[in-house]
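Student: Dropping a structure here in structure tokens format, bear with me for questions.
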Amino acid sequence: MNGKFITFEGPDGAGKTSVMNEVVGPFKQQLGDRLLVTREPGGNKISEEIRHVILDRQNTEMDYRTEALLYAAARRQHLVETILPALNAGKLVLCDRYVDSSVAYQGAGRQIGMKQVYRMNEFATEKRLPNKTIYFDIPVEVGLTRIAKHRDSTQIDRLDVETTEFHKRVHQGYMAIRKKNAERFVTIDATQPFERVVADTINVIRQIASEYF
Ligand SMILES: Nc1ncnc2c1ncn2[C@@H]1O[C@H](COP(=O)(O)OP(=O)(O)OP(=O)(O)O)[C@@H](O)[C@H]1O
Ligand SMILES: [Mg+2]
């Protein structure tokens with residue numbers, strides 16, 4: 001395994017996906033096939049189908065542990081089918097969300113328990129964690145306001161309609177994960193203007209994956 005695995009994490013509306021979309025262009029130009037950009041849950045047929053089941057607003061009867069298991073199943077398939085082959089080929093892999101999201105959202109947010117969700121994900125990933133995780137730091141309310149402002153109602157998924165209390169627990173979960181994995185986490189101030197966040201992210205990736213540049 002000689003590639004490098006970097007994940008984006010942080011609360012809803014922090015800007016992870018927008019920033020990822022923005023950094024792909026310049027990086028692709030420099031790295032070409034040595035770069036893989038992907039997202040969770042999804043990135044392949046099976047995982048996208050599972051994603052659809054998880055995020056469908058009609059699925060109101062979904063049990064929390066079922067949800068956690070589905071995320072872990074989608075993650076497993078994504079890891080085996082997409083991430084590991086890229087890492088084995090020596091690529092730089094940038095992934096929008098990974099295990100930390102489940103520990104924060106299902107473990108802390110849904111209150112299943114962070115340790116339990118982490119253990120389940122250990123099984124799913126055979127303990128394959130990212131080399132580095134970029135944390136997009138933002139107060140819960142700011143992230144939620146951004147989402148409310150920018151998305152029309154057809155784009156809002158099942159997790160977006162959760163209460164502010166849920167999102168506060170997610171945020172506290174992330175804080176605990178970051179503290180426990182201090183050497184893996186790099187934090188970016190996601191409240192800055194978009195261009196600043198993008199510039200910071202590019203700098204951080206160039207630093208932590210300097211061997212690619
Ligand atoms: N730095 C910023 N300042 C202001 N608005 C921003 C900034 N970054 C992103 N946004 C806007 O906030 C909204 C949410 O961004 P985005 O979807 O990228 O967040 P996310 O972290 O991927 O959220 P989710 O976890 O829900 O997928 C978008 O409409 C985006 O344009
Ligand atoms: Mg996103």
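Residue numbering restarts at 1 in every chain; chains get A, B, ... in the order shown in the structure tokens, and ligands count up from 1 in that same order.
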Write out as a PyMOL selection string each polymer residue (protein, DNA or RNA) that has an atom no more than 9 Å from ligand 2, with only C-alpha atoms and all ligand atoms counted.
Tutor: chain A and resi 12-18+20+39+96-97
Student: Env of Ala86 in chain A: 12 Å cut, atoms = only C-alpha atoms, seq-sep filter 2 positions within chain, self excluded. Answer as a PyMOL selection string.
Tutor: chain A and resi 1-5+33-38+78-84+88-95
Student: Generate a file of the selected residues that holds N, CA, C and O atoms, formatted as a CSV table (one decimal), in the first residue's frame.
Tutor:
```csv
chain,number,residue,atom,x,y,z
A,1,MET,N,0.9,-1.2,0.0
A,1,MET,CA,0.0,0.0,0.0
A,1,MET,C,0.9,1.2,0.0
A,1,MET,O,1.4,1.6,1.0
A,2,ASN,N,1.1,1.8,-1.2
A,2,ASN,CA,2.0,3.0,-1.2
A,2,ASN,C,1.4,4.3,-1.6
A,2,ASN,O,2.0,5.3,-1.7
A,3,GLY,N,0.0,4.3,-1.7
A,3,GLY,CA,-0.6,5.6,-2.0
A,3,GLY,C,-0.9,6.3,-0.7
A,3,GLY,O,-0.4,5.9,0.4
A,4,LYS,N,-1.6,7.5,-0.8
A,4,LYS,CA,-1.9,8.3,0.4
A,4,LYS,C,-3.4,8.5,0.4
A,4,LYS,O,-4.0,8.9,-0.6
A,5,PHE,N,-4.0,8.3,1.6
A,5,PHE,CA,-5.4,8.4,1.8
A,5,PHE,C,-5.8,9.6,2.7
A,5,PHE,O,-5.4,9.6,3.8
A,33,ASP,N,-3.7,10.8,-13.6
A,33,ASP,CA,-4.2,9.5,-13.1
A,33,ASP,C,-3.6,9.1,-11.7
A,33,ASP,O,-4.1,8.1,-11.1
A,34,ARG,N,-2.7,9.9,-11.2
A,34,ARG,CA,-2.2,9.6,-9.8
A,34,ARG,C,-3.2,10.1,-8.7
A,34,ARG,O,-2.9,10.0,-7.5
A,35,LEU,N,-4.3,10.7,-9.2
A,35,LEU,CA,-5.3,11.3,-8.2
A,35,LEU,C,-6.6,10.5,-8.3
A,35,LEU,O,-7.1,10.3,-9.4
A,36,LEU,N,-7.2,10.2,-7.2
A,36,LEU,CA,-8.6,9.7,-7.2
A,36,LEU,C,-9.4,10.5,-6.2
A,36,LEU,O,-9.0,10.7,-5.1
A,37,VAL,N,-10.5,11.1,-6.7
A,37,VAL,CA,-11.4,11.8,-5.9
A,37,VAL,C,-12.7,11.1,-5.8
A,37,VAL,O,-13.3,10.7,-6.8
A,38,THR,N,-13.2,10.8,-4.5
A,38,THR,CA,-14.4,10.0,-4.4
A,38,THR,C,-15.1,10.5,-3.1
A,38,THR,O,-14.7,11.4,-2.4
A,78,HIS,N,-17.0,0.4,-1.1
A,78,HIS,CA,-16.3,1.5,-1.6
A,78,HIS,C,-14.8,1.3,-1.4
A,78,HIS,O,-14.0,1.6,-2.2
A,79,LEU,N,-14.5,0.9,-0.2
A,79,LEU,CA,-13.1,0.7,0.2
A,79,LEU,C,-12.4,-0.4,-0.7
A,79,LEU,O,-11.4,-0.2,-1.3
A,80,VAL,N,-13.1,-1.5,-0.8
A,80,VAL,CA,-12.6,-2.7,-1.6
A,80,VAL,C,-12.5,-2.4,-3.1
A,80,VAL,O,-11.6,-2.8,-3.7
A,81,GLU,N,-13.6,-1.8,-3.6
A,81,GLU,CA,-13.8,-1.7,-5.0
A,81,GLU,C,-13.0,-0.4,-5.5
A,81,GLU,O,-12.6,-0.4,-6.7
A,82,THR,N,-13.0,0.6,-4.7
A,82,THR,CA,-12.5,1.9,-5.3
A,82,THR,C,-11.2,2.4,-4.6
A,82,THR,O,-10.2,2.7,-5.2
A,83,ILE,N,-11.2,2.4,-3.2
A,83,ILE,CA,-10.1,3.1,-2.5
A,83,ILE,C,-8.8,2.2,-2.5
A,83,ILE,O,-7.7,2.7,-2.9
A,84,LEU,N,-9.0,0.9,-2.1
A,84,LEU,CA,-7.8,0.1,-2.0
A,84,LEU,C,-7.0,-0.1,-3.3
A,84,LEU,O,-5.8,0.0,-3.3
A,88,ASN,N,-3.2,0.9,-3.7
A,88,ASN,CA,-2.2,-0.1,-4.2
A,88,ASN,C,-1.5,0.3,-5.4
A,88,ASN,O,-0.4,-0.1,-5.7
A,89,ALA,N,-2.2,1.1,-6.2
A,89,ALA,CA,-1.5,1.7,-7.4
A,89,ALA,C,-0.7,2.9,-7.2
A,89,ALA,O,-0.3,3.6,-8.1
A,90,GLY,N,-0.6,3.3,-5.9
A,90,GLY,CA,0.2,4.4,-5.5
A,90,GLY,C,-0.4,5.8,-5.6
A,90,GLY,O,0.2,6.8,-5.6
A,91,LYS,N,-1.8,5.8,-5.8
A,91,LYS,CA,-2.5,7.1,-6.0
A,91,LYS,C,-2.7,7.9,-4.7
A,91,LYS,O,-2.7,7.3,-3.6
A,92,LEU,N,-2.9,9.2,-4.9
A,92,LEU,CA,-3.4,10.0,-3.9
A,92,LEU,C,-4.9,10.0,-3.9
A,92,LEU,O,-5.5,10.2,-4.9
A,93,VAL,N,-5.5,9.6,-2.8
A,93,VAL,CA,-7.0,9.4,-2.7
A,93,VAL,C,-7.6,10.5,-1.8
A,93,VAL,O,-7.2,10.6,-0.6
A,94,LEU,N,-8.5,11.3,-2.4
A,94,LEU,CA,-9.2,12.3,-1.6
A,94,LEU,C,-10.7,11.8,-1.5
A,94,LEU,O,-11.3,11.6,-2.5
A,95,CYS,N,-11.1,11.6,-0.2
A,95,CYS,CA,-12.5,11.1,0.0
A,95,CYS,C,-13.3,12.0,0.9
A,95,CYS,O,-12.9,12.4,2.0
```
Student: Would you list the residues that come within 10 Å of ligand 1? Count only C-alpha atoms and all ligand atoms and give the answer as a ChimeraX atom specification.
Tutor: /A:8-22,39-40,96-97,101,135-138,142-152,156-157,159-160,189-198
Student: Could you tell me how far CA of Ala104 in chain A sits from CA of Gly173 in chain A, in Å to one decimal place?
Tutor: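 Between CA of Gly173 in chain A and CA of Ala104 in chain A the gap is 4.7 Å.
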Student: For each of A:Leu31, A:Val53, A:Val23, A:Ala74, take the minimum atom-to-atom distance to Glu211 in chain A, counting only C-alpha atoms, then give the residue where this is smallest.
Tutor: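 Among A:Leu31, A:Val53, A:Val23, A:Ala74, it is A:Leu31 that comes nearest to Glu211 in chain A.
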